[in-house]
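Have a look at coords-v8.cif; it's mmCIF, C-alpha atoms:
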data_query
loop_
_atom_site.label_atom_id
_atom_site.label_comp_id
_atom_site.auth_asym_id
_atom_site.auth_seq_id
_atom_site.Cartn_x
_atom_site.Cartn_y
_atom_site.Cartn_z
CA MET G 1 -6.35 111.01 146.25
CA ASP G 2 -7.76 107.56 145.51
CA GLU G 3 -10.32 108.91 143.09
CA PHE G 4 -7.50 110.31 140.91
CA SER G 5 -5.36 107.22 141.14
CA GLY G 6 -3.70 106.47 137.84
CA THR G 7 -5.23 109.37 135.98
CA ILE G 8 -3.89 112.51 137.71
CA ASP G 9 -0.30 113.18 138.77
CA VAL G 10 0.57 116.63 140.12
CA ALA G 11 3.86 117.76 141.60
CA LEU G 12 5.59 120.97 142.68
CA SER G 13 9.29 120.37 143.10
CA ASP G 14 12.50 122.19 143.88
CA HIS G 15 14.44 119.53 141.94
CA PRO G 16 14.86 119.31 138.15
CA LEU G 17 11.76 117.98 136.38
CA GLU G 18 11.98 114.82 134.29
CA LEU G 19 10.12 114.43 131.02
CA ASP G 20 10.24 110.63 131.21
CA THR G 21 8.44 110.59 134.55
CA CYS G 22 5.48 112.53 133.13
CA TYR G 23 5.58 110.54 129.89
CA ARG G 24 5.49 107.19 131.64
CA PHE G 25 2.60 108.25 133.87
CA VAL G 26 0.23 108.99 131.00
CA GLN G 27 0.97 105.93 128.84
CA HIS G 28 -2.05 103.68 128.43
CA PRO G 29 -2.88 100.92 125.91
CA SER G 30 -6.16 102.57 124.92
CA CYS G 31 -4.45 105.87 124.03
CA GLY G 32 -3.14 106.61 120.57
CA GLY G 33 -2.16 110.21 121.22
CA LEU G 34 0.08 111.73 123.87
CA CYS G 35 0.82 115.44 123.93
CA LEU G 36 3.55 116.91 126.11
CA PHE G 37 4.44 120.51 126.78
CA VAL G 38 7.73 121.64 128.27
CA GLY G 39 8.11 125.24 129.41
CA THR G 40 11.71 126.37 129.78
CA ILE G 41 13.53 129.51 130.86
CA ARG G 42 14.37 131.69 127.87
CA ASP G 43 17.48 133.84 127.56
CA LEU G 44 15.46 136.79 126.26
CA ASN G 45 12.15 138.24 127.44
CA LEU G 46 10.65 141.31 125.77
CA GLY G 47 14.05 142.11 124.35
CA HIS G 48 15.94 141.93 127.64
CA THR G 49 18.70 139.44 128.41
CA VAL G 50 17.63 137.25 131.31
CA THR G 51 20.31 135.80 133.59
CA HIS G 52 18.16 133.59 135.84
CA LEU G 53 14.77 133.34 137.52
CA GLU G 54 13.44 132.74 140.99
CA PHE G 55 10.11 130.93 141.41
CA ASP G 56 8.05 131.57 144.52
CA ALA G 57 5.08 129.29 145.19
CA TYR G 58 2.25 129.10 147.68
CA ASP G 59 2.76 125.37 147.87
CA GLY G 60 -0.48 124.03 149.32
CA MET G 61 -2.74 126.15 147.17
CA ALA G 62 -0.58 125.71 144.05
CA ILE G 63 -0.91 121.94 144.35
CA LYS G 64 -4.68 122.28 144.84
CA GLU G 65 -5.07 124.55 141.82
CA MET G 66 -2.90 122.30 139.68
CA ARG G 67 -5.01 119.32 140.68
CA LYS G 68 -8.19 121.24 139.81
CA LEU G 69 -6.79 122.04 136.38
CA ALA G 70 -5.70 118.46 135.74
CA LEU G 71 -9.11 117.11 136.72
CA ALA G 72 -11.00 119.74 134.73
CA ALA G 73 -8.87 119.00 131.66
CA ARG G 74 -9.30 115.25 132.07
CA ASP G 75 -13.07 115.57 132.24
CA THR G 76 -13.54 118.36 129.69
CA PHE G 77 -11.30 116.88 127.01
CA ASP G 78 -11.94 113.22 127.85
CA LEU G 79 -8.29 112.56 128.61
CA GLN G 80 -7.08 109.23 129.97
CA ALA G 81 -4.37 110.69 132.19
CA VAL G 82 -2.72 114.02 133.05
CA SER G 83 0.70 114.61 134.55
CA LEU G 84 1.50 118.17 135.60
CA HIS G 85 4.84 118.97 137.23
CA HIS G 86 5.96 122.48 138.14
CA ARG G 87 9.30 123.67 139.38
CA LYS G 88 10.03 126.15 142.17
CA GLY G 89 13.20 127.75 143.48
CA ASP G 90 16.08 129.19 141.46
CA LEU G 91 16.21 128.37 137.73
CA GLU G 92 18.85 129.06 135.08
CA ILE G 93 18.41 129.63 131.33
CA GLY G 94 17.28 126.39 129.69
CA ASP G 95 15.96 124.90 132.93
CA VAL G 96 12.52 123.35 132.78
CA ALA G 97 9.83 125.30 134.64
CA VAL G 98 6.84 123.11 133.83
CA ILE G 99 6.01 119.82 132.15
CA ILE G 100 2.51 118.77 131.12
CA ALA G 101 1.77 115.35 129.66
CA VAL G 102 -1.68 114.14 128.65
CA SER G 103 -2.96 111.04 126.90
CA SER G 104 -6.12 110.51 124.94
CA VAL G 105 -7.70 108.01 122.60
CA HIS G 106 -7.57 110.62 119.83
CA ARG G 107 -4.89 113.19 119.23
CA ALA G 108 -6.97 116.37 118.80
CA ALA G 109 -8.19 116.09 122.40
CA ALA G 110 -4.62 115.57 123.61
CA PHE G 111 -3.40 118.77 121.94
CA ALA G 112 -6.41 120.82 123.06
CA GLY G 113 -6.29 119.55 126.64
CA CYS G 114 -2.55 120.07 127.01
CA GLU G 115 -2.67 123.62 125.67
CA TRP G 116 -5.67 124.46 127.85
CA ILE G 117 -3.79 123.36 130.97
CA ILE G 118 -0.76 125.58 130.33
CA ASP G 119 -2.96 128.56 129.40
CA GLU G 120 -5.03 128.19 132.60
CA LEU G 121 -2.02 127.45 134.79
CA LYS G 122 -0.58 130.82 133.86
CA LYS G 123 -3.80 132.51 135.01
CA THR G 124 -4.69 130.71 138.21
CA VAL G 125 -1.89 128.74 139.88
CA PRO G 126 -0.22 130.75 142.68
CA ILE G 127 3.35 130.63 141.48
CA TRP G 128 5.40 133.76 140.81
CA LYS G 129 8.47 134.36 138.70
CA LYS G 130 11.09 136.96 139.58
CA GLU G 131 13.18 137.70 136.53
CA PHE G 132 16.82 138.74 136.94
CA ARG G 133 18.32 140.80 134.14
CA GLU G 134 21.72 142.37 133.84
CA ASP G 135 20.18 145.68 134.91
CA GLY G 136 17.99 144.52 137.79
CA SER G 137 15.13 142.25 138.75
CA HIS G 138 11.34 142.35 138.91
CA TRP G 139 8.31 140.15 139.53
CA LEU G 140 6.61 139.33 136.23
CA ASN G 141 3.04 140.49 135.53
CA ALA G 142 2.93 142.39 138.80
CA ARG G 143 2.87 145.95 137.54
CA PRO G 144 0.66 147.48 134.81
CA MET P 1 21.53 118.77 104.66
CA ASP P 2 23.71 121.65 105.83
CA GLU P 3 20.92 124.14 105.38
CA PHE P 4 18.78 122.22 107.91
CA SER P 5 21.61 121.65 110.34
CA GLY P 6 20.47 122.03 113.91
CA THR P 7 16.88 122.87 113.05
CA ILE P 8 15.50 119.76 111.29
CA ASP P 9 15.93 116.15 112.38
CA VAL P 10 14.02 113.45 110.48
CA ALA P 11 14.30 109.69 110.91
CA LEU P 12 12.52 106.52 109.80
CA SER P 13 13.62 103.60 111.93
CA ASP P 14 12.92 99.94 112.52
CA HIS P 15 14.13 100.29 116.10
CA PRO P 16 12.14 101.69 119.04
CA LEU P 17 11.86 105.48 119.03
CA GLU P 18 13.20 107.52 121.94
CA LEU P 19 11.43 110.58 123.27
CA ASP P 20 14.60 111.95 124.83
CA THR P 21 16.42 111.99 121.49
CA CYS P 22 13.72 114.19 119.93
CA TYR P 23 13.44 116.30 123.07
CA ARG P 24 17.16 117.01 123.23
CA PHE P 25 17.31 117.93 119.55
CA VAL P 26 14.81 120.78 119.84
CA GLN P 27 16.08 122.36 123.05
CA HIS P 28 17.37 125.90 122.54
CA PRO P 29 18.03 128.77 124.97
CA SER P 30 15.78 131.16 123.03
CA CYS P 31 12.78 128.82 123.23
CA GLY P 32 10.27 128.95 126.05
CA GLY P 33 7.86 126.40 124.64
CA LEU P 34 8.41 122.83 123.48
CA CYS P 35 5.53 120.69 122.29
CA LEU P 36 5.90 116.96 121.76
CA PHE P 37 3.47 114.48 120.27
CA VAL P 38 3.77 110.73 120.68
CA GLY P 39 1.57 108.45 118.59
CA THR P 40 1.25 104.92 119.96
CA ILE P 41 -0.47 101.71 118.93
CA ARG P 42 -3.90 101.42 120.55
CA ASP P 43 -5.50 98.18 121.66
CA LEU P 44 -8.84 99.15 120.12
CA ASN P 45 -9.65 100.70 116.74
CA LEU P 46 -13.24 101.40 115.72
CA GLY P 47 -14.39 98.91 118.35
CA HIS P 48 -12.13 96.06 117.26
CA THR P 49 -9.41 94.52 119.41
CA VAL P 50 -6.06 95.03 117.73
CA THR P 51 -3.28 92.50 118.36
CA HIS P 52 -0.39 94.16 116.51
CA LEU P 53 0.46 96.26 113.45
CA GLU P 54 2.83 96.10 110.54
CA PHE P 55 4.21 99.32 109.07
CA ASP P 56 5.31 99.39 105.46
CA ALA P 57 7.24 102.44 104.23
CA TYR P 58 8.57 103.72 100.93
CA ASP P 59 11.74 104.76 102.70
CA GLY P 60 13.34 107.29 100.37
CA MET P 61 10.15 109.18 99.63
CA ALA P 62 8.90 108.95 103.21
CA ILE P 63 12.06 110.65 104.43
CA LYS P 64 11.73 113.33 101.74
CA GLU P 65 8.09 114.01 102.61
CA MET P 66 8.87 114.10 106.33
CA ARG P 67 11.64 116.60 105.67
CA LYS P 68 9.27 118.74 103.58
CA LEU P 69 6.76 118.76 106.43
CA ALA P 70 9.37 119.62 109.02
CA LEU P 71 10.69 122.51 106.93
CA ALA P 72 7.23 123.80 106.09
CA ALA P 73 6.25 123.70 109.75
CA ARG P 74 9.46 125.41 110.81
CA ASP P 75 8.94 128.24 108.36
CA THR P 76 5.15 128.57 108.65
CA PHE P 77 4.99 128.53 112.44
CA ASP P 78 8.36 130.18 113.05
CA LEU P 79 9.70 127.19 114.96
CA GLN P 80 13.29 126.99 116.15
CA ALA P 81 13.67 123.26 115.57
CA VAL P 82 11.67 120.21 114.54
CA SER P 83 12.41 116.56 115.26
CA LEU P 84 10.23 114.00 113.48
CA HIS P 85 10.88 110.29 113.98
CA HIS P 86 8.69 107.55 112.50
CA ARG P 87 8.80 103.84 113.09
CA LYS P 88 8.49 101.05 110.54
CA GLY P 89 8.29 97.27 110.82
CA ASP P 90 6.22 95.24 113.30
CA LEU P 91 4.72 97.07 116.27
CA GLU P 92 2.89 95.82 119.34
CA ILE P 93 0.20 97.53 121.40
CA GLY P 94 1.72 100.47 123.28
CA ASP P 95 4.69 100.76 120.91
CA VAL P 96 5.52 104.22 119.64
CA ALA P 97 4.77 104.80 115.96
CA VAL P 98 5.75 108.45 115.71
CA ILE P 99 7.33 111.19 117.79
CA ILE P 100 7.23 114.87 116.89
CA ALA P 101 9.05 117.50 118.92
CA VAL P 102 9.10 121.21 118.13
CA SER P 103 10.44 124.26 119.91
CA SER P 104 9.41 127.87 119.65
CA VAL P 105 9.90 131.17 121.39
CA HIS P 106 6.20 131.18 122.24
CA ARG P 107 4.04 128.22 123.12
CA ALA P 108 1.02 128.78 120.85
CA ALA P 109 3.23 128.31 117.77
CA ALA P 110 4.71 125.14 119.25
CA PHE P 111 1.28 123.58 119.75
CA ALA P 112 -0.02 124.67 116.35
CA GLY P 113 3.11 123.54 114.49
CA CYS P 114 3.28 120.17 116.19
CA GLU P 115 -0.39 119.40 115.54
CA TRP P 116 -0.07 120.52 111.92
CA ILE P 117 2.82 118.13 111.34
CA ILE P 118 0.97 115.05 112.60
CA ASP P 119 -2.19 116.01 110.68
CA GLU P 120 -0.24 116.45 107.42
CA LEU P 121 1.94 113.39 107.99
CA LYS P 122 -1.17 111.23 108.05
CA LYS P 123 -2.19 112.64 104.64
CA THR P 124 1.05 112.72 102.70
CA VAL P 125 3.89 110.56 104.04
CA PRO P 126 4.08 107.19 102.22
CA ILE P 127 3.81 104.88 105.21
CA TRP P 128 1.09 102.23 105.51
CA LYS P 129 -0.29 100.41 108.52
CA LYS P 130 -1.63 96.87 108.34
CA GLU P 131 -3.79 96.19 111.35
CA PHE P 132 -4.02 92.67 112.75
CA ARG P 133 -7.18 91.81 114.69
CA GLU P 134 -8.27 88.57 116.22
CA ASP P 135 -10.46 87.98 113.16
CA GLY P 136 -8.06 88.96 110.38
CA SER P 137 -5.96 91.79 109.01
CA HIS P 138 -6.34 94.76 106.66
CA TRP P 139 -4.49 97.82 105.39
CA LEU P 140 -5.92 100.94 107.03
CA ASN P 141 -7.62 103.64 104.93
CA ALA P 142 -7.26 101.55 101.78
CA ARG P 143 -10.88 100.66 101.12
CA PRO P 144 -13.90 102.97 101.06
CA MET U 1 -4.52 138.91 161.97
CA ARG U 2 -1.41 137.63 160.24
CA ILE U 3 -1.68 137.63 156.45
CA LEU U 4 0.77 135.69 154.30
CA CYS U 5 2.48 137.25 151.30
CA PHE U 6 4.13 135.78 148.20
CA GLY U 7 5.97 137.21 145.21
CA ILE U 8 5.90 140.98 145.00
CA ALA U 9 3.55 141.09 148.00
CA ARG U 10 6.52 140.14 150.17
CA GLU U 11 8.41 143.16 148.98
CA ILE U 12 5.46 145.46 149.60
CA ALA U 13 4.92 143.99 153.08
CA GLY U 14 8.64 143.95 153.79
CA GLY U 15 8.57 140.25 154.69
CA PRO U 16 6.73 136.94 154.30
CA GLY U 17 3.65 138.26 156.08
CA LEU U 18 1.99 141.36 157.46
CA GLN U 19 -0.19 142.19 160.43
CA LEU U 20 -3.65 143.64 159.78
CA ASP U 21 -6.03 143.94 162.71
CA GLY U 22 -9.80 144.25 162.93
CA ILE U 23 -10.66 142.26 159.86
CA VAL U 24 -12.23 139.15 161.36
CA GLY U 25 -15.92 139.36 160.47
CA LYS U 26 -15.20 141.74 157.62
CA SER U 27 -15.59 140.91 153.94
CA VAL U 28 -12.73 140.18 151.58
CA ARG U 29 -13.60 143.43 149.82
CA GLU U 30 -13.07 145.31 153.07
CA LEU U 31 -9.81 143.44 153.61
CA ARG U 32 -8.58 144.50 150.18
CA MET U 33 -9.49 148.13 150.87
CA ALA U 34 -7.75 148.05 154.25
CA LEU U 35 -4.65 146.53 152.67
CA MET U 36 -4.39 149.23 150.03
CA ARG U 37 -4.86 151.88 152.72
CA GLU U 38 -2.21 150.48 155.08
CA PHE U 39 0.24 149.33 152.37
CA PRO U 40 -0.17 151.66 149.38
CA GLY U 41 2.10 149.43 147.30
CA PHE U 42 -0.80 147.04 146.78
CA ALA U 43 -2.74 149.74 144.94
CA ASP U 44 0.12 149.94 142.42
CA LEU U 45 -0.21 146.31 141.35
CA THR U 46 -1.97 145.27 138.16
CA ASP U 47 -4.39 143.55 140.51
CA PHE U 48 -4.29 141.16 143.43
CA ALA U 49 -6.51 138.41 144.77
CA VAL U 50 -7.04 137.01 148.23
CA ALA U 51 -7.02 133.34 149.12
CA ARG U 52 -8.82 131.99 152.15
CA ASN U 53 -7.71 128.51 153.27
CA GLU U 54 -5.98 127.80 149.98
CA VAL U 55 -8.95 128.73 147.77
CA TYR U 56 -9.52 131.97 145.84
CA ALA U 57 -11.95 134.10 147.88
CA THR U 58 -14.75 136.18 146.40
CA ASP U 59 -15.12 139.80 147.51
CA GLU U 60 -18.29 138.87 149.42
CA GLU U 61 -16.79 136.19 151.65
CA ILE U 62 -16.38 136.94 155.34
CA ILE U 63 -13.03 136.47 157.07
CA ALA U 64 -13.29 134.10 160.04
CA ALA U 65 -10.90 133.72 162.97
CA GLY U 66 -8.42 130.95 162.19
CA ASP U 67 -8.62 131.44 158.43
CA GLU U 68 -5.37 131.22 156.51
CA VAL U 69 -5.52 134.47 154.55
CA VAL U 70 -3.02 135.04 151.76
CA ILE U 71 -2.44 137.88 149.32
CA ILE U 72 -2.14 136.58 145.75
CA PRO U 73 -0.47 139.09 143.43
CA PRO U 74 -0.77 138.45 139.65
CA VAL U 75 0.56 134.95 139.08
CA SER U 76 3.29 134.19 136.54
CA GLY U 77 3.98 130.46 136.66
CA GLY U 78 4.51 128.17 133.72
CA MET J 1 8.28 99.00 82.94
CA ARG J 2 8.63 97.78 86.51
CA ILE J 3 6.38 99.63 88.96
CA LEU J 4 6.95 99.38 92.72
CA CYS J 5 4.13 98.64 95.13
CA PHE J 6 3.67 99.25 98.85
CA GLY J 7 0.96 98.45 101.38
CA ILE J 8 -2.21 97.07 99.88
CA ALA J 9 -0.79 97.61 96.38
CA ARG J 10 1.55 94.68 97.05
CA GLU J 11 -1.40 92.44 97.68
CA ILE J 12 -3.18 93.60 94.54
CA ALA J 13 -0.02 93.14 92.47
CA GLY J 14 0.81 89.85 94.18
CA GLY J 15 4.30 91.06 95.08
CA PRO J 16 6.55 94.07 95.68
CA GLY J 17 6.21 95.22 92.09
CA LEU J 18 4.35 94.72 88.84
CA GLN J 19 5.20 94.86 85.16
CA LEU J 20 3.31 97.31 82.94
CA ASP J 21 4.55 97.85 79.40
CA GLY J 22 4.05 100.64 76.92
CA ILE J 23 3.75 103.48 79.39
CA VAL J 24 6.98 105.39 78.74
CA GLY J 25 5.92 108.63 77.09
CA LYS J 26 2.40 108.31 78.49
CA SER J 27 0.88 110.54 81.16
CA VAL J 28 0.40 109.57 84.77
CA ARG J 29 -3.36 109.69 84.09
CA GLU J 30 -2.92 107.09 81.35
CA LEU J 31 -0.76 105.02 83.69
CA ARG J 32 -3.49 105.06 86.32
CA MET J 33 -6.11 104.01 83.76
CA ALA J 34 -3.90 101.18 82.49
CA LEU J 35 -3.27 99.99 86.03
CA MET J 36 -6.97 99.79 86.85
CA ARG J 37 -7.58 97.93 83.61
CA GLU J 38 -4.81 95.38 84.12
CA PHE J 39 -5.21 95.04 87.91
CA PRO J 40 -8.88 95.68 88.75
CA GLY J 41 -8.07 95.65 92.49
CA PHE J 42 -6.72 99.20 92.14
CA ALA J 43 -10.18 100.43 91.14
CA ASP J 44 -11.53 99.14 94.46
CA LEU J 45 -9.26 101.36 96.55
CA THR J 46 -10.44 104.57 98.16
CA ASP J 47 -7.95 106.21 95.83
CA PHE J 48 -4.30 105.87 94.90
CA ALA J 49 -1.52 108.20 93.86
CA VAL J 50 1.56 107.72 91.75
CA ALA J 51 5.05 108.83 92.73
CA ARG J 52 7.73 109.51 90.15
CA ASN J 53 11.30 109.57 91.49
CA GLU J 54 10.12 109.89 95.09
CA VAL J 55 7.79 112.85 94.48
CA TYR J 56 4.00 112.82 94.10
CA ALA J 57 3.22 113.02 90.38
CA THR J 58 0.39 115.05 88.87
CA ASP J 59 -1.91 113.39 86.33
CA GLU J 60 -0.37 115.50 83.55
CA GLU J 61 3.26 114.44 84.04
CA ILE J 62 4.83 112.20 81.41
CA ILE J 63 6.56 108.96 82.39
CA ALA J 64 10.17 108.86 81.19
CA ALA J 65 12.40 105.84 80.73
CA GLY J 66 14.43 105.30 83.89
CA ASP J 67 11.84 106.89 86.18
CA GLU J 68 11.24 105.19 89.50
CA VAL J 69 7.46 104.83 89.38
CA VAL J 70 5.62 103.79 92.51
CA ILE J 71 1.97 103.20 93.34
CA ILE J 72 0.99 105.01 96.51
CA PRO J 73 -2.24 103.65 98.02
CA PRO J 74 -3.96 105.77 100.71
CA VAL J 75 -1.32 106.38 103.38
CA SER J 76 -1.94 105.57 107.04
CA GLY J 77 1.20 106.49 108.95
CA GLY J 78 1.35 108.29 112.25
#

Using structure tokens, write down the structure from this file.
Amino acid sequence: MDEFSGTIDVALSDHPLELDTCYRFVQHPSCGGLCLFVGTIRDLNLGHTVTHLEFDAYDGMAIKEMRKLALAARDTFDLQAVSLHHRKGDLEIGDVAVIIAVSSVHRAAAFAGCEWIIDELKKTVPIWKKEFREDGSHWLNARP
Amino acid sequence: MDEFSGTIDVALSDHPLELDTCYRFVQHPSCGGLCLFVGTIRDLNLGHTVTHLEFDAYDGMAIKEMRKLALAARDTFDLQAVSLHHRKGDLEIGDVAVIIAVSSVHRAAAFAGCEWIIDELKKTVPIWKKEFREDGSHWLNARP
Amino acid sequence: MRILCFGIAREIAGGPGLQLDGIVGKSVRELRMALMREFPGFADLTDFAVARNEVYATDEEIIAAGDEVVIIPPVSGG
Amino acid sequence: MRILCFGIAREIAGGPGLQLDGIVGKSVRELRMALMREFPGFADLTDFAVARNEVYATDEEIIAAGDEVVIIPPVSGG
């Protein structure tokens, strides 16, 4: 990963994610704008009370797809650095599922790049959420 | 400030700003998306090497304008909470000038609201930066 | 050939993988058809993709012996 | 009347405030004109606003005795 050194940081973890870790990675003296996104587990989804979630991940491919996204965002939006950490395993309400941090010389690119990463991640990265409600459980997005 | 309690947090400080303070303020079990922006002092501006900056603020009005922005963003973008902290005094390269954190049920509103706040802040909040370069100093935006 | 399953695919397969024979040398499209025939639950999904060696496979690609083939139901990370 | 100055306005005024008499009862527009006459440096700015009691003032507002009047040069926070 030498070619990414210092500019791309991707992780898939079964431990709690830390905002400061992602924040510190993207800091750079040439950058005036840092944008961070934190995706957390909500207590309600489509009107149903959620009790907890289970994240399943195809680890090797998920890491590869996350790295592709980070690199594409870096190059498309001219970002200085991208940190992308995703959680797996069992998560409770309020737990952090994903953190994205990006830095850029100018702020508009930071916002655009950060939002692009989370939008694409939800389409392409092989990670699956099983939502547990009081009345049962189901894999999200799986059925029409 | 009872009417803002728990949803709006505005500060103007001559001490270093802390990302975690803003992050913790906006966390809420109903929110799936948190967007944070961190504005830092860059080492280069328009091609010139910057050594440090001095921030002057009209404290009372700056706080009022920041609160107006936070409330307008909360109501316009349907945000759950907004934390907006701005620095004043002398800042070095890499120091944090501003932190904005917002939370929302859905992520698109979080990104849009956070970016709107920083864009508006730069137009309306009475805070002024004096930039020190190797060859002199000047107040930003002041002259045509 | 052993095919790995994640998410709802595990429930359809009844475990972390399934056995599907006679697909080496066949296209990914043929694999998908065979899967839906042998495990009708896959036809009830919104959609599903196939990964070959940790990369999304196009329908035209040919399955080779030794490939790591994985069923990718609609993802829902983030 | 004492008018407060911030940022580059301090340098034009030569201090944190300036004295401008005869403006109570006048409009903010008249105040701005008087300022540029007495302190020509203000005419060299990109623009400047006036705040009355910590709120941006429109050109039509009338300055009252006891108002906190402040010159707001182009802001550059963030």

task = Would you kindly report the residues of chain G within 12 Å of chain J, using all atoms listed in the file, as a PyMOL selection string?
result = chain G and resi 32-33+106-107

What's around U:Glu68 at 12 Å? Count only C-alpha atoms, leave out sequence neighbours fewer than 6 positions away in its own chain, and write the answer as a PDB file with C-alpha atoms, in the coordinates of the input.
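Dumped everything to result04.pdb:
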ATOM      1  CA  TYR G  58       2.250 129.100 147.680  1.00  0.00           C
ATOM      2  CA  GLY G  60      -0.480 124.030 149.320  1.00  0.00           C
ATOM      3  CA  MET G  61      -2.740 126.150 147.170  1.00  0.00           C
TER       4      MET G  61
ATOM      5  CA  MET U   1      -4.520 138.910 161.970  1.00  0.00           C
ATOM      6  CA  ARG U   2      -1.410 137.630 160.240  1.00  0.00           C
ATOM      7  CA  ILE U   3      -1.680 137.630 156.450  1.00  0.00           C
ATOM      8  CA  LEU U   4       0.770 135.690 154.300  1.00  0.00           C
ATOM      9  CA  CYS U   5       2.480 137.250 151.300  1.00  0.00           C
ATOM     10  CA  GLY U  17       3.650 138.260 156.080  1.00  0.00           C
ATOM     11  CA  VAL U  24     -12.230 139.150 161.360  1.00  0.00           C
ATOM     12  CA  VAL U  50      -7.040 137.010 148.230  1.00  0.00           C
ATOM     13  CA  ALA U  51      -7.020 133.340 149.120  1.00  0.00           C
ATOM     14  CA  ARG U  52      -8.820 131.990 152.150  1.00  0.00           C
ATOM     15  CA  ASN U  53      -7.710 128.510 153.270  1.00  0.00           C
ATOM     16  CA  GLU U  54      -5.980 127.800 149.980  1.00  0.00           C
ATOM     17  CA  VAL U  55      -8.950 128.730 147.770  1.00  0.00           C
ATOM     18  CA  TYR U  56      -9.520 131.970 145.840  1.00  0.00           C
ATOM     19  CA  ALA U  57     -11.950 134.100 147.880  1.00  0.00           C
TER      20      ALA U  57
END

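A straight line drawn from atom CA of P:His85 to atom CA of P:Phe25 is 11.4 Å long.
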
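From atom CA of G:Ser104 back to atom CA of G:Cys31, the distance works out to 5.0 Å.
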
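The spacing separating atom CA of P:Ala72 from atom CA of P:Ser103 amounts to 14.2 Å.
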
task = Tell me the residues of chain G close to chain P, meaning within 9 Å using all atoms listed in the file, as a ChimeraX atom specification.
result = /G:19-20,23,27-44,93-94,105,107-108,110-112,114-115

remark   = Nearest to P:Glu65, restricted to only C-alpha atoms and choosing among P:Gly47, P:Pro126, P:Pro144, P:Gly89, comes out as P:Pro126

request  = Can you turn the PyMOL selection byres ((chain J and resi 12-14) around 12) into a concrete residue list for this file, as a ChimeraX atom specification?
outcome  = /P:139,142 /J:2-11,15-20,35-36,38-45,71,73

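Neighbourhood of point (-10.9, 137.0, 157.9): residues with an atom at most 7 Å away, counting all atoms listed in the file, are Ile23, Val24, Gly25, Lys26, Ile62, Ile63, Ala64, Ala65, Asp67 and Val69 of chain U.
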
ask   = Looking at P:Glu54, P:Asp14, P:Asp9, P:Asp59, which one is nearest to P:Glu92, with distances taken over all atoms listed in the file?
value = P:Glu54

key: Given the PyMOL selection byres ((chain U and resi 32) around 9), the residues it picks as a count of residues only   = 15

inquiry  = When you count only C-alpha atoms, which of these residues is closest to P:Ala62: J:Gly77, J:Thr46, J:Asp21, J:Gly66?
reply    = J:Gly77

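Every residue that the PyMOL selection byres ((chain G and resi 88) around 8) selects in this file is listed here: Leu12, Ser13, Asp14, His15, Glu54, Phe55, Asp56, Ala57, His86, Arg87, Gly89, Asp90, Leu91 and Ala97 of chain G.
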
request  = List every protein, DNA or RNA residue that has an atom no more than 6 Å from (10.5, 115.4, 109.1) in the file's coordinate frame, counting only C-alpha atoms, and report them as an MDAnalysis selection string.
outcome  = chainID P and resid 10 66:67 69:70 84
